[in-house]
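Novice: Provided below: model27.cif, containing mmCIF, C-alpha atoms and all ligand atoms.
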```cif
data_target
loop_
_atom_site.group_PDB
_atom_site.id
_atom_site.type_symbol
_atom_site.label_atom_id
_atom_site.label_comp_id
_atom_site.auth_asym_id
_atom_site.auth_seq_id
_atom_site.Cartn_x
_atom_site.Cartn_y
_atom_site.Cartn_z
ATOM 1 C CA MET A 168 0.000 0.000 0.000
ATOM 2 C CA ILE A 169 1.224 3.452 -0.853
ATOM 3 C CA VAL A 170 0.948 5.871 2.083
ATOM 4 C CA ALA A 171 0.719 9.422 0.728
ATOM 5 C CA ARG A 172 1.114 12.085 3.395
ATOM 6 C CA THR A 173 1.104 15.077 1.044
ATOM 7 C CA LEU A 174 -0.710 16.197 -2.086
ATOM 8 C CA GLU A 175 2.440 15.699 -4.104
ATOM 9 C CA GLU A 176 2.863 12.111 -2.943
ATOM 10 C CA LEU A 177 -0.764 11.378 -3.722
ATOM 11 C CA THR A 178 -0.670 12.931 -7.170
ATOM 12 C CA HIS A 179 2.420 10.866 -7.899
ATOM 13 C CA SER A 180 0.697 7.617 -6.844
ATOM 14 C CA LEU A 181 -2.434 8.335 -8.914
ATOM 15 C CA SER A 182 -0.942 9.784 -12.081
ATOM 16 C CA LYS A 183 0.406 6.495 -13.346
ATOM 17 C CA ASN A 184 -2.898 4.818 -13.847
ATOM 18 C CA GLU A 185 -5.934 5.230 -15.982
ATOM 19 C CA ARG A 186 -8.036 2.770 -14.043
ATOM 20 C CA ARG A 187 -11.380 3.137 -12.336
ATOM 21 C CA VAL A 188 -10.673 4.788 -9.008
ATOM 22 C CA GLY A 189 -12.752 4.056 -5.919
ATOM 23 C CA PHE A 190 -12.570 6.336 -2.892
ATOM 24 C CA VAL A 191 -13.586 5.935 0.752
ATOM 25 C CA PRO A 192 -13.149 9.056 2.900
ATOM 26 C CA THR A 193 -12.771 8.503 6.671
ATOM 27 C CA MET A 194 -11.529 10.200 9.802
ATOM 28 C CA GLY A 195 -9.606 7.086 10.856
ATOM 29 C CA ALA A 196 -9.882 4.983 14.029
ATOM 30 C CA LEU A 197 -11.085 2.365 11.596
ATOM 31 C CA HIS A 198 -13.580 -0.352 12.481
ATOM 32 C CA GLU A 199 -15.443 -3.098 10.621
ATOM 33 C CA GLY A 200 -17.941 -0.553 9.298
ATOM 34 C CA HIS A 201 -15.190 1.335 7.477
ATOM 35 C CA LEU A 202 -13.713 -1.931 6.225
ATOM 36 C CA SER A 203 -17.077 -2.985 4.784
ATOM 37 C CA LEU A 204 -17.169 0.224 2.724
ATOM 38 C CA ILE A 205 -13.647 -0.517 1.503
ATOM 39 C CA SER A 206 -14.740 -4.001 0.322
ATOM 40 C CA MET A 207 -17.596 -2.399 -1.594
ATOM 41 C CA ALA A 208 -15.170 0.051 -3.211
ATOM 42 C CA GLN A 209 -12.854 -2.829 -4.158
ATOM 43 C CA ALA A 210 -15.741 -4.676 -5.789
ATOM 44 C CA ASN A 211 -16.543 -1.595 -7.873
ATOM 45 C CA ALA A 212 -13.132 -0.170 -8.786
ATOM 46 C CA ASP A 213 -9.658 -1.193 -9.955
ATOM 47 C CA LEU A 214 -7.776 1.011 -7.516
ATOM 48 C CA VAL A 215 -9.016 2.012 -4.066
ATOM 49 C CA VAL A 216 -7.944 5.153 -2.229
ATOM 50 C CA VAL A 217 -8.861 5.606 1.437
ATOM 51 C CA SER A 218 -8.349 8.938 3.145
ATOM 52 C CA ILE A 219 -7.812 9.536 6.844
ATOM 53 C CA PHE A 220 -8.282 13.168 7.721
ATOM 54 C CA VAL A 221 -9.830 14.619 10.859
ATOM 55 C CA ASN A 222 -11.335 17.715 9.322
ATOM 56 C CA PRO A 223 -11.190 20.697 11.688
ATOM 57 C CA LEU A 224 -13.823 22.558 9.647
ATOM 58 C CA GLN A 225 -16.575 20.115 10.548
ATOM 59 C CA PHE A 226 -16.082 20.357 14.317
ATOM 60 C CA SER A 227 -17.441 23.313 16.256
ATOM 61 C CA ALA A 228 -15.856 24.815 19.343
ATOM 62 C CA GLY A 229 -16.437 22.519 22.303
ATOM 63 C CA GLU A 230 -16.650 19.369 20.177
ATOM 64 C CA ASP A 231 -14.127 16.523 20.252
ATOM 65 C CA PHE A 232 -11.707 17.618 17.483
ATOM 66 C CA ASP A 233 -8.686 17.580 19.808
ATOM 67 C CA LYS A 234 -9.515 14.284 21.430
ATOM 68 C CA TYR A 235 -10.865 12.536 18.316
ATOM 69 C CA PRO A 236 -9.009 9.173 18.234
ATOM 70 C CA ARG A 237 -5.917 9.294 16.009
ATOM 71 C CA VAL A 238 -4.390 5.824 15.677
ATOM 72 C CA LEU A 239 -2.645 5.963 12.314
ATOM 73 C CA GLU A 240 -0.259 3.033 12.873
ATOM 74 C CA SER A 241 -3.016 0.530 13.648
ATOM 75 C CA ASP A 242 -5.198 1.993 10.865
ATOM 76 C CA ILE A 243 -2.345 1.425 8.386
ATOM 77 C CA GLU A 244 -2.147 -2.227 9.456
ATOM 78 C CA LYS A 245 -5.886 -2.684 8.920
ATOM 79 C CA LEU A 246 -5.741 -1.052 5.494
ATOM 80 C CA GLU A 247 -2.726 -3.159 4.472
ATOM 81 C CA THR A 248 -4.596 -6.310 5.513
ATOM 82 C CA ALA A 249 -7.672 -5.145 3.596
ATOM 83 C CA GLY A 250 -5.565 -4.771 0.439
ATOM 84 C CA VAL A 251 -6.117 -1.037 -0.008
ATOM 85 C CA ASP A 252 -3.957 0.452 -2.781
ATOM 86 C CA VAL A 253 -3.427 3.993 -1.528
ATOM 87 C CA LEU A 254 -3.881 5.673 1.845
ATOM 88 C CA PHE A 255 -4.080 9.456 1.687
ATOM 89 C CA ALA A 256 -3.384 10.851 5.172
ATOM 90 C CA PRO A 257 -2.710 14.551 4.662
ATOM 91 C CA GLY A 258 -2.039 17.236 7.234
ATOM 92 C CA VAL A 259 -4.329 20.238 7.683
ATOM 93 C CA PRO A 260 -2.081 22.571 5.575
ATOM 94 C CA ASP A 261 -2.224 20.101 2.652
ATOM 95 C CA ILE A 262 -5.998 20.387 2.528
ATOM 96 C CA TYR A 263 -6.287 24.036 3.525
ATOM 97 C CA PRO A 264 -3.128 25.727 2.160
ATOM 98 C CA ASN A 265 -4.880 29.104 2.126
ATOM 99 C CA GLY A 266 -6.484 28.834 5.547
ATOM 100 C CA GLN A 267 -9.480 26.947 6.834
ATOM 101 C CA GLU A 268 -12.289 28.431 4.808
ATOM 102 C CA VAL A 269 -15.665 26.985 4.004
ATOM 103 C CA SER A 270 -16.193 26.679 0.246
ATOM 104 C CA GLU A 271 -19.406 24.634 0.118
ATOM 105 C CA GLN A 272 -22.805 25.410 1.590
ATOM 106 C CA ALA A 273 -25.117 22.655 2.738
ATOM 107 C CA GLY A 274 -28.220 24.858 2.353
ATOM 108 C CA GLU A 275 -31.466 24.336 4.228
ATOM 109 C CA LEU A 276 -30.921 20.651 4.958
ATOM 110 C CA GLY A 277 -27.549 21.604 6.398
ATOM 111 C CA SER A 278 -29.205 23.390 9.294
ATOM 112 C CA LYS A 279 -31.694 20.670 10.231
ATOM 113 C CA PHE A 280 -31.304 17.684 12.597
ATOM 114 C CA GLU A 281 -27.515 17.105 12.775
ATOM 115 C CA GLY A 282 -26.968 20.560 11.309
ATOM 116 C CA GLN A 283 -29.138 22.212 13.935
ATOM 117 C CA MET A 284 -27.213 20.508 16.738
ATOM 118 C CA ARG A 285 -23.844 21.065 15.035
ATOM 119 C CA PRO A 286 -23.972 24.458 13.275
ATOM 120 C CA GLY A 287 -21.547 24.616 10.347
ATOM 121 C CA HIS A 288 -20.824 20.880 10.501
ATOM 122 C CA PHE A 289 -22.210 20.069 7.076
ATOM 123 C CA ASP A 290 -20.642 23.094 5.339
ATOM 124 C CA GLY A 291 -17.307 21.865 6.724
ATOM 125 C CA MET A 292 -18.019 18.278 5.727
ATOM 126 C CA LEU A 293 -18.987 19.242 2.161
ATOM 127 C CA THR A 294 -15.966 21.525 1.889
ATOM 128 C CA VAL A 295 -13.536 18.709 2.670
ATOM 129 C CA VAL A 296 -15.415 16.118 0.615
ATOM 130 C CA ASN A 297 -15.393 18.491 -2.360
ATOM 131 C CA LYS A 298 -11.652 19.143 -1.924
ATOM 132 C CA LEU A 299 -10.880 15.431 -1.640
ATOM 133 C CA PHE A 300 -12.979 14.709 -4.737
ATOM 134 C CA GLU A 301 -11.119 17.462 -6.636
ATOM 135 C CA ILE A 302 -7.778 15.962 -5.614
ATOM 136 C CA ILE A 303 -8.599 12.286 -6.160
ATOM 137 C CA GLN A 304 -11.123 12.591 -9.013
ATOM 138 C CA PRO A 305 -12.786 9.277 -8.122
ATOM 139 C CA ASP A 306 -15.090 7.350 -10.414
ATOM 140 C CA VAL A 307 -16.928 5.823 -7.490
ATOM 141 C CA VAL A 308 -17.170 6.792 -3.811
ATOM 142 C CA VAL A 309 -18.561 4.787 -0.910
ATOM 143 C CA PHE A 310 -20.255 6.376 2.095
ATOM 144 C CA GLY A 311 -22.031 4.756 5.054
ATOM 145 C CA GLN A 312 -25.769 4.907 5.691
ATOM 146 C CA LYS A 313 -24.787 5.395 9.358
ATOM 147 C CA ASP A 314 -24.453 9.100 8.465
ATOM 148 C CA ALA A 315 -27.700 9.304 6.510
ATOM 149 C CA GLN A 316 -27.962 13.099 6.360
ATOM 150 C CA GLN A 317 -24.360 13.279 5.145
ATOM 151 C CA VAL A 318 -25.232 10.799 2.380
ATOM 152 C CA GLU A 319 -28.153 12.962 1.247
ATOM 153 C CA LEU A 320 -25.949 16.068 1.134
ATOM 154 C CA VAL A 321 -23.145 14.276 -0.737
ATOM 155 C CA LYS A 322 -25.774 13.044 -3.219
ATOM 156 C CA ARG A 323 -26.795 16.649 -3.813
ATOM 157 C CA LEU A 324 -23.144 17.759 -4.143
ATOM 158 C CA ILE A 325 -22.282 15.208 -6.815
ATOM 159 C CA ALA A 326 -25.525 15.847 -8.672
ATOM 160 C CA LYS A 327 -24.318 19.399 -9.388
ATOM 161 C CA LYS A 328 -20.576 18.834 -9.903
ATOM 162 C CA THR A 329 -18.103 16.866 -11.946
ATOM 163 C CA TYR A 330 -14.532 16.089 -10.936
ATOM 164 C CA GLY A 331 -11.875 15.842 -13.632
ATOM 165 C CA GLY A 332 -14.752 16.101 -16.090
ATOM 166 C CA LYS A 333 -16.390 12.986 -14.668
ATOM 167 C CA ASN A 334 -19.587 12.321 -12.775
ATOM 168 C CA VAL A 335 -19.093 10.498 -9.499
ATOM 169 C CA GLU A 336 -21.037 7.342 -8.716
ATOM 170 C CA LEU A 337 -22.166 7.077 -5.093
ATOM 171 C CA ILE A 338 -22.511 3.728 -3.344
ATOM 172 C CA VAL A 339 -24.090 3.683 0.108
ATOM 173 C CA GLY A 340 -23.001 0.901 2.455
ATOM 174 C CA PRO A 341 -25.304 -0.456 5.185
ATOM 175 C CA THR A 342 -24.610 0.323 8.842
ATOM 176 C CA LEU A 343 -22.517 -2.352 10.516
ATOM 177 C CA ARG A 344 -23.550 -3.104 14.064
ATOM 178 C CA GLU A 345 -22.127 -4.935 17.017
ATOM 179 C CA ALA A 346 -23.984 -8.096 18.134
ATOM 180 C CA SER A 347 -25.960 -5.918 20.583
ATOM 181 C CA GLY A 348 -27.218 -3.770 17.706
ATOM 182 C CA LEU A 349 -25.041 -0.776 18.639
ATOM 183 C CA ALA A 350 -23.936 0.933 15.427
ATOM 184 C CA MET A 351 -20.163 0.719 15.084
ATOM 185 C CA SER A 352 -18.523 4.107 15.512
ATOM 186 C CA SER A 353 -15.042 5.432 16.170
ATOM 187 C CA ARG A 354 -16.595 7.257 19.137
ATOM 188 C CA ASN A 355 -17.787 4.018 20.815
ATOM 189 C CA ARG A 356 -14.321 3.679 22.320
ATOM 190 C CA TYR A 357 -15.135 6.652 24.581
ATOM 191 C CA LEU A 358 -17.983 4.684 26.235
ATOM 192 C CA SER A 359 -17.539 3.090 29.661
ATOM 193 C CA ALA A 360 -19.101 -0.362 30.223
ATOM 194 C CA SER A 361 -22.202 1.134 31.817
ATOM 195 C CA GLU A 362 -22.496 3.838 29.134
ATOM 196 C CA LYS A 363 -22.298 1.133 26.483
ATOM 197 C CA ILE A 364 -25.412 -0.498 27.929
ATOM 198 C CA VAL A 365 -27.211 2.845 27.724
ATOM 199 C CA ALA A 366 -25.940 3.329 24.149
ATOM 200 C CA GLU A 367 -27.281 -0.085 23.141
ATOM 201 C CA SER A 368 -30.808 1.151 23.823
ATOM 202 C CA ILE A 369 -30.471 3.551 20.854
ATOM 203 C CA SER A 370 -30.651 0.816 18.212
ATOM 204 C CA GLN A 371 -33.191 -1.093 20.308
ATOM 205 C CA ALA A 372 -35.358 2.032 20.216
ATOM 206 C CA LEU A 373 -35.079 2.245 16.425
ATOM 207 C CA PHE A 374 -35.890 -1.434 15.983
ATOM 208 C CA SER A 375 -38.859 -1.177 18.366
ATOM 209 C CA ALA A 376 -40.473 1.205 15.860
ATOM 210 C CA ASP A 377 -40.558 -1.466 13.132
ATOM 211 C CA HIS A 378 -44.069 -2.399 11.978
ATOM 212 C CA SER A 379 -45.731 0.645 13.524
ATOM 213 C CA ASN A 380 -49.148 1.661 12.222
ATOM 214 C CA SER A 381 -48.513 5.414 12.389
ATOM 215 C CA ALA A 382 -45.637 7.875 12.613
ATOM 216 C CA GLN A 383 -46.783 8.863 16.070
ATOM 217 C CA ALA A 384 -46.827 5.228 17.244
ATOM 218 C CA ALA A 385 -43.338 4.704 15.806
ATOM 219 C CA ILE A 386 -41.930 7.728 17.646
ATOM 220 C CA ALA A 387 -43.721 6.743 20.845
ATOM 221 C CA ALA A 388 -42.342 3.174 20.701
ATOM 222 C CA ALA A 389 -38.802 4.453 20.174
ATOM 223 C CA ARG A 390 -39.053 7.051 22.955
ATOM 224 C CA ALA A 391 -40.386 4.425 25.355
ATOM 225 C CA THR A 392 -37.483 2.077 24.585
ATOM 226 C CA ILE A 393 -34.524 4.420 24.728
ATOM 227 C CA ASN A 394 -32.779 4.424 28.117
ATOM 228 C CA PRO A 395 -33.650 7.692 29.939
ATOM 229 C CA GLU A 396 -29.950 8.159 30.680
ATOM 230 C CA ALA A 397 -29.385 8.696 26.965
ATOM 231 C CA ARG A 398 -29.936 12.444 26.562
ATOM 232 C CA LEU A 399 -31.971 12.726 23.404
ATOM 233 C CA GLU A 400 -31.108 15.562 21.001
ATOM 234 C CA TYR A 401 -33.597 14.607 18.309
ATOM 235 C CA LEU A 402 -35.661 11.608 17.291
ATOM 236 C CA GLU A 403 -37.502 12.135 14.022
ATOM 237 C CA LEU A 404 -39.137 10.261 11.233
ATOM 238 C CA VAL A 405 -38.260 11.663 7.803
ATOM 239 C CA ASP A 406 -39.057 10.809 4.201
ATOM 240 C CA GLU A 407 -36.580 10.213 1.394
ATOM 241 C CA HIS A 408 -35.977 13.986 1.056
ATOM 242 C CA PHE A 409 -35.329 14.359 4.779
ATOM 243 C CA GLU A 410 -38.650 16.096 5.364
ATOM 244 C CA PRO A 411 -40.423 15.111 8.610
ATOM 245 C CA VAL A 412 -43.403 12.876 7.789
ATOM 246 C CA GLY A 413 -46.942 13.943 8.682
ATOM 247 C CA PRO A 414 -49.353 12.067 10.980
ATOM 248 C CA ASP A 415 -51.062 10.272 8.074
ATOM 249 C CA PHE A 416 -47.840 9.091 6.457
ATOM 250 C CA GLN A 417 -47.805 5.526 5.123
ATOM 251 C CA GLY A 418 -44.832 3.699 3.624
ATOM 252 C CA ASP A 419 -41.076 3.687 4.154
ATOM 253 C CA ALA A 420 -39.553 6.325 6.380
ATOM 254 C CA LEU A 421 -36.207 6.831 8.036
ATOM 255 C CA MET A 422 -36.035 7.133 11.795
ATOM 256 C CA ILE A 423 -33.066 9.303 12.753
ATOM 257 C CA VAL A 424 -31.745 9.786 16.241
ATOM 258 C CA ALA A 425 -28.961 11.618 18.055
ATOM 259 C CA CYS A 426 -28.226 11.571 21.748
ATOM 260 C CA LYS A 427 -25.491 12.013 24.263
ATOM 261 C CA VAL A 428 -24.415 9.192 26.522
ATOM 262 C CA GLY A 429 -22.118 10.642 29.157
ATOM 263 C CA SER A 430 -20.005 13.044 27.121
ATOM 264 C CA THR A 431 -20.168 10.937 23.946
ATOM 265 C CA ARG A 432 -22.463 12.030 21.147
ATOM 266 C CA LEU A 433 -23.939 9.172 19.126
ATOM 267 C CA ILE A 434 -26.150 9.048 16.027
ATOM 268 C CA ASP A 435 -28.010 6.233 14.348
ATOM 269 C CA ASN A 436 -30.861 5.658 11.893
ATOM 270 C CA HIS A 437 -33.076 2.870 10.669
ATOM 271 C CA ARG A 438 -35.568 2.485 7.843
ATOM 272 C CA ILE A 439 -39.034 1.492 9.013
ATOM 273 C CA HIS A 440 -42.275 0.731 7.246
ATOM 274 C CA ILE A 441 -45.476 2.330 8.435
ATOM 275 C CA GLU A 442 -48.690 0.654 7.456
ATOM 276 C CA ARG A 443 -52.103 1.293 8.893
ATOM 277 C CA GLU A 444 -53.737 -1.957 9.942
ATOM 278 C CA ALA A 445 -56.503 -3.036 7.577
HETATM 279 P P1 LIG A 501 -16.025 8.540 9.779
HETATM 280 O O1 LIG A 501 -14.640 7.991 9.886
HETATM 281 O O2 LIG A 501 -16.827 8.395 11.026
HETATM 282 O O3 LIG A 501 -16.057 9.921 9.169
HETATM 283 O O4 LIG A 501 -16.768 7.616 8.744
HETATM 284 C C1 LIG A 501 -16.262 7.373 7.467
HETATM 285 C C2 LIG A 501 -17.291 6.624 6.660
HETATM 286 O O5 LIG A 501 -17.614 5.399 7.330
HETATM 287 C C3 LIG A 501 -18.607 7.412 6.525
HETATM 288 O O6 LIG A 501 -19.109 7.233 5.206
HETATM 289 C C4 LIG A 501 -19.492 6.756 7.552
HETATM 290 O O7 LIG A 501 -20.869 6.843 7.253
HETATM 291 C C5 LIG A 501 -19.014 5.316 7.476
HETATM 292 N N1 LIG A 501 -19.367 4.559 8.681
HETATM 293 C C6 LIG A 501 -19.224 4.973 9.971
HETATM 294 N N2 LIG A 501 -19.732 4.044 10.813
HETATM 295 C C7 LIG A 501 -20.184 3.023 10.035
HETATM 296 C C8 LIG A 501 -20.826 1.775 10.302
HETATM 297 N N3 LIG A 501 -21.088 1.375 11.548
HETATM 298 N N4 LIG A 501 -21.156 0.974 9.258
HETATM 299 C C9 LIG A 501 -20.896 1.376 7.975
HETATM 300 N N5 LIG A 501 -20.300 2.535 7.666
HETATM 301 C C10 LIG A 501 -19.950 3.354 8.667
#
```
Could you render the structure from this file as structure tokens?
Specialist:
Amino acid sequence: MIVARTLEELTHSLSKNERRVGFVPTMGALHEGHLSLISMAQANADLVVVSIFVNPLQFSAGEDFDKYPRVLESDIEKLETAGVDVLFAPGVPDIYPNGQEVSEQAGELGSKFEGQMRPGHFDGMLTVVNKLFEIIQPDVVVFGQKDAQQVELVKRLIAKKTYGGKNVELIVGPTLREASGLAMSSRNRYLSASEKIVAESISQALFSADHSNSAQAAIAAARATINPEARLEYLELVDEHFEPVGPDFQGDALMIVACKVGSTRLIDNHRIHIEREA
């Protein structure tokens, strides 16, 4: 595996080939969820680039940018084992040579749900994703459904842009979970044993909303299941455009949730089907 720590090193490792390039952006502290996205990229591309970059622009003051887990050596081992071709692990000045400025706007959806709780997060996320796409010019990118609102915004970004004259194909990988149902996350390592039990109620809450006969019943089931020690930030049922569903909604909807367990912020989501009983 080529480890490119600068733009120059990356450009050098990509310029020699004309093959279909797959790209998986991450912030590192890799787990099985990340590795599953990498397998999907490998199945859909000839050369796979993974990036590890903790993007300061998508963290607000008071968030965990400084303490976000940075474990590059063990990540490199995992990527080697996975057969990744190129790791791009740049420093902040490589990505923001002219200062940390937002260049992409997430619009209205960028200030809802995650965006409301984390102002500026999605502008920062889109800014770095756009920069990485400009640098790597991938044919196909793989993102995780775990970050459903991010997926929707990336979809909108690539619908309006080309990179190196090419459209980007987006593949969305399913959320990998631990046996308990807890969605895998780099932030799970912050959880104590007792906090982990509280965190496990998040996915249980989502699953308890399966087969509800109304949006209200779905929300009520989830709220009743989530451990009261999980401090809920939002729990909503949205349609495919991320609009909250109305009381008469029937069909497939996405339940999205964010909460804090101790000082760790966790998000999850799950597709449910709402059908009024005949
Ligand atoms: P992150 O390193 O948290 O920025 O995540 C990098 C990519 O991995 C994003 O596309 C995430 O949605 C995805 N991801 C994070 N957790 C999981 C998971 N449990 N299963 C599948 N993909 C995930």
Novice: Using all atoms listed in the file, which of the listed residues (A:Glu396, A:Asp377, A:Glu345, A:Asp261) sits closest to His437 in chain A?
Specialist: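 For His437 in chain A, the nearest of the given residues is A:Asp377.
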Novice: What residues have any atom no more than 10 Å from ligand LIG 501 (chain A) when counting all atoms listed in the file, and can you list them as a ChimeraX atom specification?
Specialist: /A:191-205,217-222,292,308-318,338-345,349-354,434-435
Novice: Keeping only C-alpha atoms, write those residues as an mmCIF file, in the coordinates of the input.
Specialist:
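Generated output (selection03.cif):
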```
data_model
loop_
_atom_site.group_PDB
_atom_site.id
_atom_site.type_symbol
_atom_site.label_atom_id
_atom_site.label_comp_id
_atom_site.auth_asym_id
_atom_site.auth_seq_id
_atom_site.Cartn_x
_atom_site.Cartn_y
_atom_site.Cartn_z
ATOM 1 C CA VAL A 191 -13.586 5.935 0.752
ATOM 2 C CA PRO A 192 -13.149 9.056 2.900
ATOM 3 C CA THR A 193 -12.771 8.503 6.671
ATOM 4 C CA MET A 194 -11.529 10.200 9.802
ATOM 5 C CA GLY A 195 -9.606 7.086 10.856
ATOM 6 C CA ALA A 196 -9.882 4.983 14.029
ATOM 7 C CA LEU A 197 -11.085 2.365 11.596
ATOM 8 C CA HIS A 198 -13.580 -0.352 12.481
ATOM 9 C CA GLU A 199 -15.443 -3.098 10.621
ATOM 10 C CA GLY A 200 -17.941 -0.553 9.298
ATOM 11 C CA HIS A 201 -15.190 1.335 7.477
ATOM 12 C CA LEU A 202 -13.713 -1.931 6.225
ATOM 13 C CA SER A 203 -17.077 -2.985 4.784
ATOM 14 C CA LEU A 204 -17.169 0.224 2.724
ATOM 15 C CA ILE A 205 -13.647 -0.517 1.503
ATOM 16 C CA VAL A 217 -8.861 5.606 1.437
ATOM 17 C CA SER A 218 -8.349 8.938 3.145
ATOM 18 C CA ILE A 219 -7.812 9.536 6.844
ATOM 19 C CA PHE A 220 -8.282 13.168 7.721
ATOM 20 C CA VAL A 221 -9.830 14.619 10.859
ATOM 21 C CA ASN A 222 -11.335 17.715 9.322
ATOM 22 C CA MET A 292 -18.019 18.278 5.727
ATOM 23 C CA VAL A 308 -17.170 6.792 -3.811
ATOM 24 C CA VAL A 309 -18.561 4.787 -0.910
ATOM 25 C CA PHE A 310 -20.255 6.376 2.095
ATOM 26 C CA GLY A 311 -22.031 4.756 5.054
ATOM 27 C CA GLN A 312 -25.769 4.907 5.691
ATOM 28 C CA LYS A 313 -24.787 5.395 9.358
ATOM 29 C CA ASP A 314 -24.453 9.100 8.465
ATOM 30 C CA ALA A 315 -27.700 9.304 6.510
ATOM 31 C CA GLN A 316 -27.962 13.099 6.360
ATOM 32 C CA GLN A 317 -24.360 13.279 5.145
ATOM 33 C CA VAL A 318 -25.232 10.799 2.380
ATOM 34 C CA ILE A 338 -22.511 3.728 -3.344
ATOM 35 C CA VAL A 339 -24.090 3.683 0.108
ATOM 36 C CA GLY A 340 -23.001 0.901 2.455
ATOM 37 C CA PRO A 341 -25.304 -0.456 5.185
ATOM 38 C CA THR A 342 -24.610 0.323 8.842
ATOM 39 C CA LEU A 343 -22.517 -2.352 10.516
ATOM 40 C CA ARG A 344 -23.550 -3.104 14.064
ATOM 41 C CA GLU A 345 -22.127 -4.935 17.017
ATOM 42 C CA LEU A 349 -25.041 -0.776 18.639
ATOM 43 C CA ALA A 350 -23.936 0.933 15.427
ATOM 44 C CA MET A 351 -20.163 0.719 15.084
ATOM 45 C CA SER A 352 -18.523 4.107 15.512
ATOM 46 C CA SER A 353 -15.042 5.432 16.170
ATOM 47 C CA ARG A 354 -16.595 7.257 19.137
ATOM 48 C CA ILE A 434 -26.150 9.048 16.027
ATOM 49 C CA ASP A 435 -28.010 6.233 14.348
#
```
Novice: Select all residues near (-25.5, 19.8, 17.5) (cut-off 12 Å, inclusive, file coordinates), counting only C-alpha atoms, and output them as a list of chain:residue names.
Specialist: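 Output: A:Gln225, A:Phe226, A:Ser227, A:Ala228, A:Gly229, A:Glu230, A:Gly277, A:Ser278, A:Lys279, A:Phe280, A:Glu281, A:Gly282, A:Gln283, A:Met284, A:Arg285, A:Pro286, A:Gly287, A:His288, A:Phe289, A:Leu399, A:Glu400, A:Tyr401, A:Val424, A:Ala425, A:Cys426, A:Lys427, A:Arg432, A:Leu433, A:Ile434.
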Novice: Have a look at A:Pro264, A:Gly418, A:Pro223, A:Gly429 and name the one nearest to Ser359 in chain A; count only C-alpha atoms.
Specialist: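 That would be A:Gly429, the residue with the smallest distance to Ser359 in chain A.
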Novice: List as a ChimeraX atom specification the residues having at least one atom at most 12 Å from position (-38.3, 16.2, 1.2) as given in the file, counting all atoms listed in the file.
Specialist: /A:275-276,316,319,404-413,420-421
Novice: Quick one: pull the distance between CA of Leu214 in chain A and CA of Asp252 in chain A, Å, one decimal.
Specialist: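 Atom-to-atom, CA of Leu214 in chain A to CA of Asp252 in chain A, that is 6.1 Å.
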Novice: Translate the PyMOL selection byres (((chain A and resi 170) around 10) and not hetatm), as applied to the file shown, into an explicit residue set as a PDB file with C-alpha atoms, in the frame of the given file.
Specialist:
```
ATOM      1  CA  MET A 168       0.000   0.000   0.000  1.00  0.00           C
ATOM      2  CA  ILE A 169       1.224   3.452  -0.853  1.00  0.00           C
ATOM      3  CA  ALA A 171       0.719   9.422   0.728  1.00  0.00           C
ATOM      4  CA  ARG A 172       1.114  12.085   3.395  1.00  0.00           C
ATOM      5  CA  THR A 173       1.104  15.077   1.044  1.00  0.00           C
ATOM      6  CA  GLU A 176       2.863  12.111  -2.943  1.00  0.00           C
ATOM      7  CA  LEU A 177      -0.764  11.378  -3.722  1.00  0.00           C
ATOM      8  CA  SER A 180       0.697   7.617  -6.844  1.00  0.00           C
ATOM      9  CA  VAL A 216      -7.944   5.153  -2.229  1.00  0.00           C
ATOM     10  CA  VAL A 217      -8.861   5.606   1.437  1.00  0.00           C
ATOM     11  CA  SER A 218      -8.349   8.938   3.145  1.00  0.00           C
ATOM     12  CA  ILE A 243      -2.345   1.425   8.386  1.00  0.00           C
ATOM     13  CA  ASP A 252      -3.957   0.452  -2.781  1.00  0.00           C
ATOM     14  CA  VAL A 253      -3.427   3.993  -1.528  1.00  0.00           C
ATOM     15  CA  LEU A 254      -3.881   5.673   1.845  1.00  0.00           C
ATOM     16  CA  PHE A 255      -4.080   9.456   1.687  1.00  0.00           C
ATOM     17  CA  ALA A 256      -3.384  10.851   5.172  1.00  0.00           C
ATOM     18  CA  PRO A 257      -2.710  14.551   4.662  1.00  0.00           C
TER      19      PRO A 257
END
```
Novice: Would you mind telling me which residue in A:His179, A:Arg186, A:Lys363, A:His440 lies nearest to Val307 in chain A when using all atoms listed in the file?
Specialist: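 Residue with the minimum atom-to-atom distance to Val307 in chain A: A:Arg186.
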Novice: Enter the distance from CA of Gln304 in chain A to CA of Val335 in chain A, in Å, rounded to one decimal.
Specialist: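 These two atoms are separated by 8.3 Å.
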Novice: Separation of CA of Val259 in chain A and CA of Glu271 in chain A, in Å?
Specialist: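 Going from CA of Val259 in chain A over to CA of Glu271 in chain A covers 17.4 Å.
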Novice: Mind working out the centre and edge lengths of an axis-aligned box for range 229-248 of chain A, all listed atoms inside, 4 Å added to each side, rounded to one decimal in Å and written as AutoDock Vina command-line options?
Specialist:
```
--center_x -8.5 --center_y 8.1 --center_z 13.4 --size_x 24.4 --size_y 36.8 --size_z 25.8
```
Novice: To verify the selection step, state as an MDAnalysis selection string which residues the PyMOL selection byres (((chain A and resi 388-391) around 6) and not hetatm) yields on this input.
Specialist: chainID A and resid 372:373 375:376 385:387 392:393
Novice: Taking into account all atoms listed in the file, which residue in the set A:Glu247, A:Glu268, A:Asp306, A:Glu403 is nearest to Thr294 in chain A?
Specialist: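 Looking at the shortest contact to Thr294 in chain A, the residue is A:Glu268.
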Novice: Taking only C-alpha atoms into account, name the residue in A:Leu299, A:Arg187, A:Leu320, A:Val428 that is nearest to Ser361 in chain A.
Specialist: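 So, comparing all the options, the nearest one is A:Val428.
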Novice: Using only C-alpha atoms, can you tell me which of A:Ser430, A:Asp213, A:Leu224, A:Val188 comes closest to Arg356 in chain A?
Specialist: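 Among A:Ser430, A:Asp213, A:Leu224, A:Val188, it is A:Ser430 that comes nearest to Arg356 in chain A.
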